[in-house]
$ cat coords27.pdb   # PDB, C-alpha atoms
ATOM      1  CA  MET A   1      69.606   2.980   5.729
ATOM      2  CA  VAL A   2      68.693   2.210   9.327
ATOM      3  CA  LEU A   3      66.247  -0.647   9.834
ATOM      4  CA  SER A   4      63.135   0.663  11.573
ATOM      5  CA  ASN A   5      60.994  -1.333  13.980
ATOM      6  CA  ASN A   6      58.011  -1.167  11.613
ATOM      7  CA  ILE A   7      59.918  -2.453   8.571
ATOM      8  CA  ALA A   8      61.528  -5.158  10.693
ATOM      9  CA  ALA A   9      58.113  -6.273  11.939
ATOM     10  CA  LEU A  10      56.775  -6.457   8.369
ATOM     11  CA  ILE A  11      59.772  -8.435   7.126
ATOM     12  CA  GLY A  12      59.442 -10.755  10.096
ATOM     13  CA  PHE A  13      55.781 -11.375   9.313
ATOM     14  CA  GLY A  14      56.589 -12.305   5.724
ATOM     15  CA  CYS A  15      59.368 -14.668   6.768
ATOM     16  CA  GLU A  16      57.171 -16.293   9.397
ATOM     17  CA  ALA A  17      54.393 -16.819   6.854
ATOM     18  CA  THR A  18      56.806 -18.747   4.615
ATOM     19  CA  LEU A  19      58.195 -20.850   7.462
ATOM     20  CA  TRP A  20      54.705 -21.549   8.798
ATOM     21  CA  GLY A  21      53.885 -23.073   5.410
ATOM     22  CA  VAL A  22      56.984 -25.281   5.690
ATOM     23  CA  ASN A  23      55.993 -26.188   9.245
ATOM     24  CA  CYS A  24      52.506 -27.202   8.065
ATOM     25  CA  VAL A  25      53.862 -29.505   5.366
ATOM     26  CA  LEU A  26      56.299 -31.197   7.747
ATOM     27  CA  PHE A  27      53.638 -31.529  10.447
ATOM     28  CA  ILE A  28      51.221 -33.217   8.026
ATOM     29  CA  ILE A  29      53.963 -35.606   6.920
ATOM     30  CA  SER A  30      54.852 -36.432  10.527
ATOM     31  CA  LEU A  31      51.192 -37.064  11.391
ATOM     32  CA  GLY A  32      50.885 -39.407   8.428
ATOM     33  CA  LEU A  33      53.913 -41.374   9.549
ATOM     34  CA  LEU A  34      52.746 -41.438  13.164
ATOM     35  CA  TYR A  35      49.273 -42.581  12.064
ATOM     36  CA  ARG A  36      50.797 -45.438  10.097
ATOM     37  CA  LYS A  37      52.693 -46.544  13.206
ATOM     38  CA  GLY A  38      49.695 -45.832  15.416
ATOM     39  CA  ARG A  39      47.579 -48.366  13.574
ATOM     40  CA  ARG A  40      49.842 -50.976  15.130
ATOM     41  CA  GLY A  41      49.403 -49.457  18.576
ATOM     42  CA  ASN A  42      52.981 -48.137  18.692
ATOM     43  CA  THR A  43      52.486 -44.374  19.029
ATOM     44  CA  ASN A  44      53.833 -42.673  22.142
ATOM     45  CA  LEU A  45      50.943 -40.480  23.268
ATOM     46  CA  THR A  46      53.151 -38.115  25.293
ATOM     47  CA  ILE A  47      55.300 -37.203  22.300
ATOM     48  CA  LEU A  48      52.227 -36.982  20.066
ATOM     49  CA  ALA A  49      50.526 -34.595  22.517
ATOM     50  CA  ILE A  50      53.589 -32.327  22.814
ATOM     51  CA  HIS A  51      54.073 -32.444  19.043
ATOM     52  CA  CYS A  52      50.483 -31.376  18.341
ATOM     53  CA  LEU A  53      50.493 -28.744  21.072
ATOM     54  CA  LEU A  54      53.704 -27.269  19.686
ATOM     55  CA  PHE A  55      52.259 -26.998  16.181
ATOM     56  CA  ALA A  56      49.046 -25.493  17.571
ATOM     57  CA  SER A  57      51.074 -22.876  19.459
ATOM     58  CA  CYS A  58      53.115 -22.020  16.350
ATOM     59  CA  THR A  59      49.901 -21.711  14.332
ATOM     60  CA  ALA A  60      48.241 -19.563  17.001
ATOM     61  CA  HIS A  61      51.241 -17.225  16.989
ATOM     62  CA  PHE A  62      51.090 -16.846  13.222
ATOM     63  CA  GLY A  63      47.329 -16.291  13.448
ATOM     64  CA  LEU A  64      47.800 -13.450  15.925
ATOM     65  CA  GLU A  65      50.504 -11.890  13.741
ATOM     66  CA  PHE A  66      48.293 -12.194  10.656
ATOM     67  CA  ASN A  67      45.345 -10.626  12.481
ATOM     68  CA  HIS A  68      47.564  -7.736  13.560
ATOM     69  CA  PHE A  69      48.851  -7.320  10.005
ATOM     70  CA  TYR A  70      45.345  -7.257   8.539
ATOM     71  CA  THR A  71      43.698  -5.007  11.127
ATOM     72  CA  THR A  72      46.568  -2.512  11.239
ATOM     73  CA  LEU A  73      46.853  -2.099   7.482
ATOM     74  CA  ASN A  74      43.089  -2.071   7.030
ATOM     75  CA  SER A  75      42.597   0.728   9.550
ATOM     76  CA  ASN A  76      45.726   2.820   8.892
ATOM     77  CA  LEU A  77      46.620   2.321   5.243
ATOM     78  CA  SER A  78      44.779   5.457   4.135
ATOM     79  CA  THR A  79      46.215   7.585   6.955
ATOM     80  CA  SER A  80      49.446   6.645   8.700
ATOM     81  CA  GLY A  81      50.349   3.556   6.672
ATOM     82  CA  ILE A  82      52.688   1.334   8.672
ATOM     83  CA  SER A  83      54.001   4.023  11.007
ATOM     84  CA  ASN A  84      52.594   2.193  14.053
ATOM     85  CA  PHE A  85      52.755  -1.384  12.793
ATOM     86  CA  ALA A  86      55.316  -2.451  15.416
ATOM     87  CA  ASP A  87      53.469  -0.886  18.359
ATOM     88  CA  GLU A  88      52.514  -3.397  21.039
ATOM     89  CA  THR A  89      48.889  -4.494  21.321
ATOM     90  CA  LYS A  90      47.086  -7.048  23.449
ATOM     91  CA  GLY A  91      47.195  -9.451  20.530
ATOM     92  CA  LEU A  92      50.928  -8.999  20.056
ATOM     93  CA  LEU A  93      51.472  -9.385  23.787
ATOM     94  CA  ALA A  94      49.704 -12.737  23.595
ATOM     95  CA  ALA A  95      51.895 -13.599  20.596
ATOM     96  CA  ASP A  96      55.001 -12.749  22.645
ATOM     97  CA  ILE A  97      53.858 -15.144  25.363
ATOM     98  CA  LEU A  98      53.317 -17.816  22.717
ATOM     99  CA  ILE A  99      56.959 -17.393  21.657
ATOM    100  CA  SER A 100      57.986 -18.503  25.139
ATOM    101  CA  ILE A 101      55.495 -21.377  25.097
ATOM    102  CA  CYS A 102      56.738 -22.602  21.709
ATOM    103  CA  ASP A 103      60.328 -22.380  22.940
ATOM    104  CA  LEU A 104      59.457 -24.367  26.071
ATOM    105  CA  LEU A 105      57.631 -27.066  24.087
ATOM    106  CA  GLY A 106      60.449 -27.278  21.544
ATOM    107  CA  ASP A 107      62.934 -27.702  24.384
ATOM    108  CA  ALA A 108      60.691 -30.418  25.817
ATOM    109  CA  MET A 109      60.927 -32.362  22.538
ATOM    110  CA  LEU A 110      64.730 -32.114  22.502
ATOM    111  CA  LEU A 111      64.966 -33.092  26.167
ATOM    112  CA  CYS A 112      62.715 -36.089  25.563
ATOM    113  CA  ARG A 113      65.182 -37.182  22.902
ATOM    114  CA  CYS A 114      68.046 -36.732  25.394
ATOM    115  CA  TRP A 115      66.081 -38.672  28.015
ATOM    116  CA  VAL A 116      65.794 -41.659  25.675
ATOM    117  CA  MET A 117      69.309 -41.598  24.237
ATOM    118  CA  TRP A 118      70.972 -41.187  27.643
ATOM    119  CA  ARG A 119      68.926 -43.975  29.176
ATOM    120  CA  ASP A 120      71.726 -44.995  31.575
ATOM    121  CA  HIS A 121      72.411 -41.430  32.736
ATOM    122  CA  ARG A 122      69.071 -39.662  32.639
ATOM    123  CA  TRP A 123      70.122 -37.252  35.350
ATOM    124  CA  VAL A 124      71.931 -35.259  32.635
ATOM    125  CA  VAL A 125      68.623 -33.619  31.644
ATOM    126  CA  ILE A 126      67.966 -32.115  35.098
ATOM    127  CA  LEU A 127      69.959 -28.907  34.547
ATOM    128  CA  PRO A 128      68.565 -28.247  31.036
ATOM    129  CA  VAL A 129      65.022 -28.719  32.360
ATOM    130  CA  LEU A 130      65.586 -26.225  35.179
ATOM    131  CA  SER A 131      67.154 -23.735  32.763
ATOM    132  CA  ALA A 132      64.196 -23.986  30.374
ATOM    133  CA  LEU A 133      61.670 -23.437  33.165
ATOM    134  CA  ALA A 134      63.631 -20.475  34.541
ATOM    135  CA  GLY A 135      63.738 -18.835  31.110
ATOM    136  CA  PHE A 136      60.006 -19.302  30.638
ATOM    137  CA  ILE A 137      59.311 -17.685  34.031
ATOM    138  CA  CYS A 138      61.573 -14.724  33.182
ATOM    139  CA  LEU A 139      59.808 -14.060  29.879
ATOM    140  CA  CYS A 140      56.384 -14.310  31.497
ATOM    141  CA  GLN A 141      57.519 -11.678  33.981
ATOM    142  CA  VAL A 142      58.788  -9.516  31.104
ATOM    143  CA  ALA A 143      55.352  -9.741  29.459
ATOM    144  CA  HIS A 144      53.801  -8.584  32.737
ATOM    145  CA  PHE A 145      56.161  -5.600  32.956
ATOM    146  CA  VAL A 146      55.509  -4.620  29.333
ATOM    147  CA  ALA A 147      51.748  -4.773  29.870
ATOM    148  CA  THR A 148      51.945  -2.554  32.961
ATOM    149  CA  LEU A 149      54.863  -0.191  32.241
ATOM    150  CA  SER A 150      54.850   0.302  28.467
ATOM    151  CA  PRO A 151      51.810  -1.330  26.855
ATOM    152  CA  THR A 152      52.297   0.215  23.374
ATOM    153  CA  SER A 153      56.095   0.228  23.049
ATOM    154  CA  PRO A 154      57.438  -1.837  20.102
ATOM    155  CA  VAL A 155      60.367  -2.963  22.270
ATOM    156  CA  PRO A 156      60.600  -3.780  25.999
ATOM    157  CA  PRO A 157      61.433  -0.859  28.315
ATOM    158  CA  ALA A 158      65.141  -0.375  28.994
ATOM    159  CA  ALA A 159      64.632  -1.327  32.640
ATOM    160  CA  VAL A 160      63.572  -4.873  31.733
ATOM    161  CA  VAL A 161      66.110  -5.510  28.952
ATOM    162  CA  PRO A 162      68.430  -7.488  31.304
ATOM    163  CA  LEU A 163      65.493  -9.670  32.349
ATOM    164  CA  THR A 164      64.509 -10.100  28.702
ATOM    165  CA  THR A 165      68.050 -11.104  27.792
ATOM    166  CA  ALA A 166      68.098 -13.594  30.670
ATOM    167  CA  GLY A 167      64.738 -14.954  29.536
ATOM    168  CA  TYR A 168      66.201 -15.787  26.120
ATOM    169  CA  ALA A 169      69.690 -16.727  27.345
ATOM    170  CA  LEU A 170      68.433 -19.414  29.730
ATOM    171  CA  PRO A 171      66.595 -21.337  26.973
ATOM    172  CA  LEU A 172      69.733 -20.846  24.856
ATOM    173  CA  GLY A 173      71.640 -22.597  27.624
ATOM    174  CA  THR A 174      69.059 -25.369  27.552
ATOM    175  CA  ASN A 175      69.453 -25.710  23.783
ATOM    176  CA  ALA A 176      73.243 -25.707  24.048
ATOM    177  CA  MET A 177      73.218 -28.418  26.720
ATOM    178  CA  ALA A 178      70.629 -30.546  24.905
ATOM    179  CA  THR A 179      72.421 -30.168  21.563
ATOM    180  CA  GLY A 180      75.777 -30.947  23.165
ATOM    181  CA  LEU A 181      74.394 -34.053  24.831
ATOM    182  CA  LEU A 182      72.821 -35.281  21.600
ATOM    183  CA  VAL A 183      75.948 -34.589  19.527
ATOM    184  CA  LEU A 184      78.084 -36.369  22.126
ATOM    185  CA  LYS A 185      75.794 -39.382  22.130
ATOM    186  CA  ILE A 186      75.736 -39.532  18.331
ATOM    187  CA  TRP A 187      79.540 -39.360  18.278
ATOM    188  CA  ILE A 188      79.785 -42.141  20.860
ATOM    189  CA  MET A 189      77.455 -44.302  18.762
ATOM    190  CA  THR A 190      79.318 -43.803  15.488
ATOM    191  CA  ARG A 191      82.971 -43.587  16.522
ATOM    192  CA  THR A 192      83.425 -47.364  16.173
ATOM    193  CA  GLN A 193      82.419 -47.407  12.504
ATOM    194  CA  PRO A 194      84.604 -50.002  10.718
ATOM    195  CA  VAL A 195      86.904 -48.896   7.933
ATOM    196  CA  ALA A 196      85.722 -50.008   4.531
ATOM    197  CA  SER A 197      87.972 -51.325   1.812
ATOM    198  CA  GLY A 198      87.730 -52.121  -1.873
ATOM    199  CA  GLY A 199      86.795 -50.204  -4.981
ATOM    200  CA  GLY A 200      83.704 -48.563  -3.480
ATOM    201  CA  TYR A 201      85.507 -47.268  -0.399
ATOM    202  CA  ARG A 202      85.525 -43.576  -1.316
ATOM    203  CA  LEU A 203      81.887 -43.545  -2.392
ATOM    204  CA  ARG A 204      80.797 -45.401   0.747
ATOM    205  CA  ARG A 205      82.896 -43.065   2.861
ATOM    206  CA  SER A 206      81.307 -39.993   1.263
ATOM    207  CA  VAL A 207      77.786 -41.367   1.673
ATOM    208  CA  ASP A 208      78.422 -42.291   5.310
ATOM    209  CA  LEU A 209      79.941 -38.886   6.030
ATOM    210  CA  ALA A 210      76.988 -37.061   4.471
ATOM    211  CA  ALA A 211      74.545 -39.230   6.427
ATOM    212  CA  HIS A 212      76.471 -38.635   9.636
ATOM    213  CA  VAL A 213      76.542 -34.848   9.173
ATOM    214  CA  THR A 214      72.811 -34.825   8.420
ATOM    215  CA  ALA A 215      72.129 -36.905  11.506
ATOM    216  CA  VAL A 216      74.132 -34.555  13.721
ATOM    217  CA  ILE A 217      72.484 -31.398  12.353
ATOM    218  CA  VAL A 218      68.901 -32.705  12.457
ATOM    219  CA  GLU A 219      68.873 -35.005  15.476
ATOM    220  CA  SER A 220      70.824 -32.647  17.738
ATOM    221  CA  GLY A 221      68.689 -29.591  16.945
ATOM    222  CA  LEU A 222      71.621 -27.477  15.726
ATOM    223  CA  ILE A 223      69.244 -25.363  13.618
ATOM    224  CA  TYR A 224      67.270 -24.645  16.780
ATOM    225  CA  LEU A 225      70.433 -23.657  18.663
ATOM    226  CA  ALA A 226      71.747 -21.394  15.901
ATOM    227  CA  THR A 227      68.435 -19.517  15.660
ATOM    228  CA  GLN A 228      68.241 -19.074  19.421
ATOM    229  CA  LEU A 229      71.827 -17.792  19.558
ATOM    230  CA  VAL A 230      71.187 -15.118  16.917
ATOM    231  CA  LEU A 231      68.028 -14.046  18.745
ATOM    232  CA  VAL A 232      69.815 -13.689  22.092
ATOM    233  CA  VAL A 233      72.560 -11.566  20.506
ATOM    234  CA  LEU A 234      70.053  -9.249  18.804
ATOM    235  CA  VAL A 235      68.017  -8.874  22.006
ATOM    236  CA  GLY A 236      71.169  -8.132  23.973
ATOM    237  CA  ILE A 237      72.284  -5.334  21.630
ATOM    238  CA  LYS A 238      68.675  -4.092  21.192
ATOM    239  CA  HIS A 239      68.816  -4.308  17.394
ATOM    240  CA  PRO A 240      65.533  -3.863  15.458
ATOM    241  CA  ALA A 241      66.238  -7.120  13.613
ATOM    242  CA  GLU A 242      65.170  -8.982  16.753
ATOM    243  CA  ALA A 243      61.608  -8.429  15.491
ATOM    244  CA  ILE A 244      62.523 -10.467  12.392
ATOM    245  CA  VAL A 245      64.416 -13.284  14.085
ATOM    246  CA  GLY A 246      61.949 -13.467  16.991
ATOM    247  CA  VAL A 247      58.994 -14.499  14.814
ATOM    248  CA  ILE A 248      61.171 -16.678  12.574
ATOM    249  CA  ALA A 249      62.352 -18.505  15.683
ATOM    250  CA  VAL A 250      58.763 -19.454  16.563
ATOM    251  CA  GLN A 251      58.432 -21.583  13.442
ATOM    252  CA  ILE A 252      61.953 -22.981  13.836
ATOM    253  CA  TYR A 253      60.914 -24.115  17.325
ATOM    254  CA  GLY A 254      58.274 -26.203  15.571
ATOM    255  CA  ILE A 255      60.243 -27.290  12.495
ATOM    256  CA  ALA A 256      63.371 -28.625  14.222
ATOM    257  CA  PRO A 257      61.548 -31.089  16.542
ATOM    258  CA  THR A 258      59.266 -32.141  13.669
ATOM    259  CA  LEU A 259      62.290 -33.120  11.593
ATOM    260  CA  ILE A 260      63.477 -35.270  14.502
ATOM    261  CA  VAL A 261      60.040 -36.901  14.764
ATOM    262  CA  ILE A 262      60.077 -37.685  11.027
ATOM    263  CA  ARG A 263      63.552 -39.235  11.174
ATOM    264  CA  CYS A 264      62.646 -41.296  14.220
ATOM    265  CA  THR A 265      59.353 -42.458  12.716
ATOM    266  CA  LEU A 266      61.119 -43.504   9.521
ATOM    267  CA  GLY A 267      63.711 -45.381  11.595
ATOM    268  CA  ILE A 268      66.755 -43.543  10.204
ATOM    269  CA  THR A 269      68.101 -42.186  13.476
ATOM    270  CA  THR A 270      71.643 -42.872  14.570
ATOM    271  CA  GLU A 271      71.960 -45.965  16.738
ATOM    272  CA  THR A 272      74.825 -47.957  18.168
ATOM    273  CA  THR A 273      74.083 -51.700  17.799
ATOM    274  CA  VAL A 274      71.124 -53.995  17.241
ATOM    275  CA  LYS A 275      71.401 -55.079  20.855
ATOM    276  CA  ASP A 276      71.092 -51.561  22.266
ATOM    277  CA  ALA A 277      68.818 -50.022  19.632
ATOM    278  CA  SER A 278      65.565 -50.840  21.423
ATOM    279  CA  HIS A 279      66.555 -48.467  24.232
ATOM    280  CA  LEU A 280      67.660 -45.598  22.027
ATOM    281  CA  MET A 281      64.807 -44.940  19.630
ATOM    282  CA  TRP A 282      61.899 -42.601  20.131
ATOM    283  CA  ALA A 283      59.570 -45.564  20.033
ATOM    284  CA  PRO A 284      59.762 -49.194  21.148
ATOM    285  CA  ILE A 285      61.340 -51.455  18.563
ATOM    286  CA  SER A 286      60.425 -55.039  17.779
ATOM    287  CA  LYS A 287      62.191 -55.690  14.491
ATOM    288  CA  LEU A 288      65.528 -54.266  13.400
ATOM    289  CA  THR A 289      67.448 -54.582  10.168
ATOM    290  CA  GLU A 290      71.120 -53.682  10.128
ATOM    291  CA  TYR A 291      72.039 -51.091   7.526
ATOM    292  CA  HIS A 292      75.749 -50.781   8.242
ATOM    293  CA  PRO A 293      77.708 -52.606  10.975
ATOM    294  CA  GLY A 294      77.841 -50.471  14.104
ATOM    295  CA  TYR A 295      76.565 -47.375  12.328
ATOM    296  CA  TYR A 296      72.908 -47.058  11.276
ATOM    297  CA  ILE A 297      69.885 -49.181  12.120
ATOM    298  CA  SER A 298      66.810 -49.310   9.908
ATOM    299  CA  VAL A 299      63.576 -49.858  11.786
ATOM    300  CA  ARG A 300      60.962 -51.988  10.050
ATOM    301  CA  ASP A 301      58.460 -52.163  12.886
ATOM    302  CA  TRP A 302      57.966 -50.462  16.236
ATOM    303  CA  GLY A 303      56.700 -52.752  18.960
ATOM    304  CA  SER A 304      54.660 -51.969  22.049
ATOM    305  CA  GLU A 305      57.161 -52.625  24.795
ATOM    306  CA  GLY A 306      60.118 -50.695  26.198
ATOM    307  CA  ASP A 307      60.703 -47.179  27.351
ATOM    308  CA  GLY A 308      61.527 -45.469  24.066
ATOM    309  CA  LEU A 309      59.808 -42.458  22.612
TER     310      LEU A 309
END

$ encode --input "coords27.pdb" --output "structure tokens"
Amino acid sequence: MVLSNNIAALIGFGCEATLWGVNCVLFIISLGLLYRKGRRGNTNLTILAIHCLLFASCTAHFGLEFNHFYTTLNSNLSTSGISNFADETKGLLAADILISICDLLGDAMLLCRCWVMWRDHRWVVILPVLSALAGFICLCQVAHFVATLSPTSPVPPAAVVPLTTAGYALPLGTNAMATGLLVLKIWIMTRTQPVASGGGYRLRRSVDLAAHVTAVIVESGLIYLATQLVLVVLVGIKHPAEAIVGVIAVQIYGIAPTLIVIRCTLGITTETTVKDASHLMWAPISKLTEYHPGYYISVRDWGSEGDGL
């Protein structure tokens, strides 16, 4: 059975509703942790503002999708059912623009992490920043073309598909570069881990490996990159499933950076040494407790000095 645009849009709405709930829970947890640190005057206002704006954009997108779902089914259920559910409307056009905004803000969170971790070589973020901005401009232009050339089409006109693909491919390049930079930095930090010995060696090795894999997946935004890659492929081949992945991606754009914020606020990010840790965290550090020599640093308090995030 061929997947229709209408069924794909309905499935996408259901998936987004579930992920929005997950996003809400994680956002509330992150705010609680940030508030606890903020009482000591240690909250970075720039990251907090981007974090809140990203969640607001994800919520606004889901609100527009929910409004479309309710109004369409309420007006057409007794007549045409869902036969025109995927048709473009002004509300859905605004939701499409919000996808680009969420992607841009999510990239900003990842690039802020790169900016802090690569403190001695901050020029590495220049190309990813330019790529993210170029992709956002392309997708804004696509929204303009859709509004003027084909305002009710469920998919972009064929003439603008290359521009649409470029609009998603450029942020994918940003994600790939940011993820690669973060993975490289994490590997550099942890490659000097000493070899354990004794009866608990295998258990310690397994625990350290699991912690390292988790750190790489979460802190580097690999979930973000994988979602963006699938979306670009589906847009490129013009598959109806892009309507599913497109709205799922919106919430992933919010969830992935929120997970990084939670790890950083809890002080369980990957660091290199006690000496260098104050320059590598997302927030200034005043007190550090070593968890494992040369591997992980546990943060007990975040101070008010330094250039961390």

$ axis_aligned_box --input "coords27.pdb" --around "stretch 160-179 of chain A" --padding-each-side "4 Å" --output "lines of an AutoDock Vina configuration file"
center_x = 68.4
center_y = -17.7
center_z = 27.0
size_x = 17.7
size_y = 33.7
size_z = 18.8

$ resolve_selection --input "coords27.pdb" --expression "the PyMOL selection byres ((chain A and resi 243) around 12)" --output "CSV table (one decimal) with C-alpha atoms, in the coordinates of the input"
chain,number,residue,atom,x,y,z
A,3,LEU,CA,66.2,-0.6,9.8
A,4,SER,CA,63.1,0.7,11.6
A,5,ASN,CA,61.0,-1.3,14.0
A,6,ASN,CA,58.0,-1.2,11.6
A,7,ILE,CA,59.9,-2.5,8.6
A,8,ALA,CA,61.5,-5.2,10.7
A,9,ALA,CA,58.1,-6.3,11.9
A,10,LEU,CA,56.8,-6.5,8.4
A,11,ILE,CA,59.8,-8.4,7.1
A,12,GLY,CA,59.4,-10.8,10.1
A,13,PHE,CA,55.8,-11.4,9.3
A,14,GLY,CA,56.6,-12.3,5.7
A,15,CYS,CA,59.4,-14.7,6.8
A,16,GLU,CA,57.2,-16.3,9.4
A,65,GLU,CA,50.5,-11.9,13.7
A,85,PHE,CA,52.8,-1.4,12.8
A,86,ALA,CA,55.3,-2.5,15.4
A,87,ASP,CA,53.5,-0.9,18.4
A,88,GLU,CA,52.5,-3.4,21.0
A,92,LEU,CA,50.9,-9.0,20.1
A,96,ASP,CA,55.0,-12.7,22.6
A,99,ILE,CA,57.0,-17.4,21.7
A,154,PRO,CA,57.4,-1.8,20.1
A,155,VAL,CA,60.4,-3.0,22.3
A,156,PRO,CA,60.6,-3.8,26.0
A,230,VAL,CA,71.2,-15.1,16.9
A,231,LEU,CA,68.0,-14.0,18.7
A,232,VAL,CA,69.8,-13.7,22.1
A,234,LEU,CA,70.1,-9.2,18.8
A,235,VAL,CA,68.0,-8.9,22.0
A,238,LYS,CA,68.7,-4.1,21.2
A,239,HIS,CA,68.8,-4.3,17.4
A,240,PRO,CA,65.5,-3.9,15.5
A,241,ALA,CA,66.2,-7.1,13.6
A,242,GLU,CA,65.2,-9.0,16.8
A,244,ILE,CA,62.5,-10.5,12.4
A,245,VAL,CA,64.4,-13.3,14.1
A,246,GLY,CA,61.9,-13.5,17.0
A,247,VAL,CA,59.0,-14.5,14.8
A,248,ILE,CA,61.2,-16.7,12.6
A,249,ALA,CA,62.4,-18.5,15.7
A,250,VAL,CA,58.8,-19.5,16.6

$ atom_distance --input "coords27.pdb" --atom1 "atom CA of A:Leu45" --atom2 "atom CA of A:Cys102"
18.9 Å

$ resolve_selection --input "coords27.pdb" --expression "the PyMOL selection byres ((chain A and resi 54) around 8)" --output "list in words"
Ile50, His51, Cys52, Leu53, Phe55, Ala56, Ser57, Cys58, Cys102, Leu105, Gly106 and Gly254 of chain A

$ closest_residue --input "coords27.pdb" --among "A:Leu139, A:Pro257, A:Thr18, A:Leu225" --to "A:Gly180" --atoms "all atoms listed in the file"
A:Leu225

$ residues_around --input "coords27.pdb" --residues "A:Val161" --least-positions-apart "3" --cutoff "9 Å" --atoms "all atoms listed in the file" --output "PyMOL selection string"
chain A and resi 142+156-158+164-166+235-236+238

$ resolve_selection --input "coords27.pdb" --expression "the PyMOL selection byres ((chain A and resi 173) around 10)" --output "mmCIF file with C-alpha atoms, keeping the file's coordinate frame"
data_model
loop_
_atom_site.group_PDB
_atom_site.id
_atom_site.type_symbol
_atom_site.label_atom_id
_atom_site.label_comp_id
_atom_site.auth_asym_id
_atom_site.auth_seq_id
_atom_site.Cartn_x
_atom_site.Cartn_y
_atom_site.Cartn_z
ATOM 1 C CA LEU A 127 69.959 -28.907 34.547
ATOM 2 C CA PRO A 128 68.565 -28.247 31.036
ATOM 3 C CA SER A 131 67.154 -23.735 32.763
ATOM 4 C CA ALA A 132 64.196 -23.986 30.374
ATOM 5 C CA GLY A 135 63.738 -18.835 31.110
ATOM 6 C CA TYR A 168 66.201 -15.787 26.120
ATOM 7 C CA ALA A 169 69.690 -16.727 27.345
ATOM 8 C CA LEU A 170 68.433 -19.414 29.730
ATOM 9 C CA PRO A 171 66.595 -21.337 26.973
ATOM 10 C CA LEU A 172 69.733 -20.846 24.856
ATOM 11 C CA THR A 174 69.059 -25.369 27.552
ATOM 12 C CA ASN A 175 69.453 -25.710 23.783
ATOM 13 C CA ALA A 176 73.243 -25.707 24.048
ATOM 14 C CA MET A 177 73.218 -28.418 26.720
ATOM 15 C CA ALA A 178 70.629 -30.546 24.905
ATOM 16 C CA THR A 179 72.421 -30.168 21.563
ATOM 17 C CA LEU A 225 70.433 -23.657 18.663
ATOM 18 C CA GLN A 228 68.241 -19.074 19.421
ATOM 19 C CA LEU A 229 71.827 -17.792 19.558
#

$ atom_distance --input "coords27.pdb" --atom1 "atom CA of A:Phe62" --atom2 "atom CA of A:Leu26"
16.2 Å

$ atom_distance --input "coords27.pdb" --atom1 "atom CA of A:Ala256" --atom2 "atom CA of A:Ile223"
6.7 Å

$ closest_residue --input "coords27.pdb" --among "A:Val125, A:Ala134, A:Ile237, A:Leu19" --to "A:Arg113" --atoms "all atoms listed in the file"
A:Val125

$ closest_residue --input "coords27.pdb" --among "A:Trp118, A:Tyr70, A:Leu48, A:Gly167" --to "A:Ile97" --atoms "all atoms listed in the file"
A:Gly167
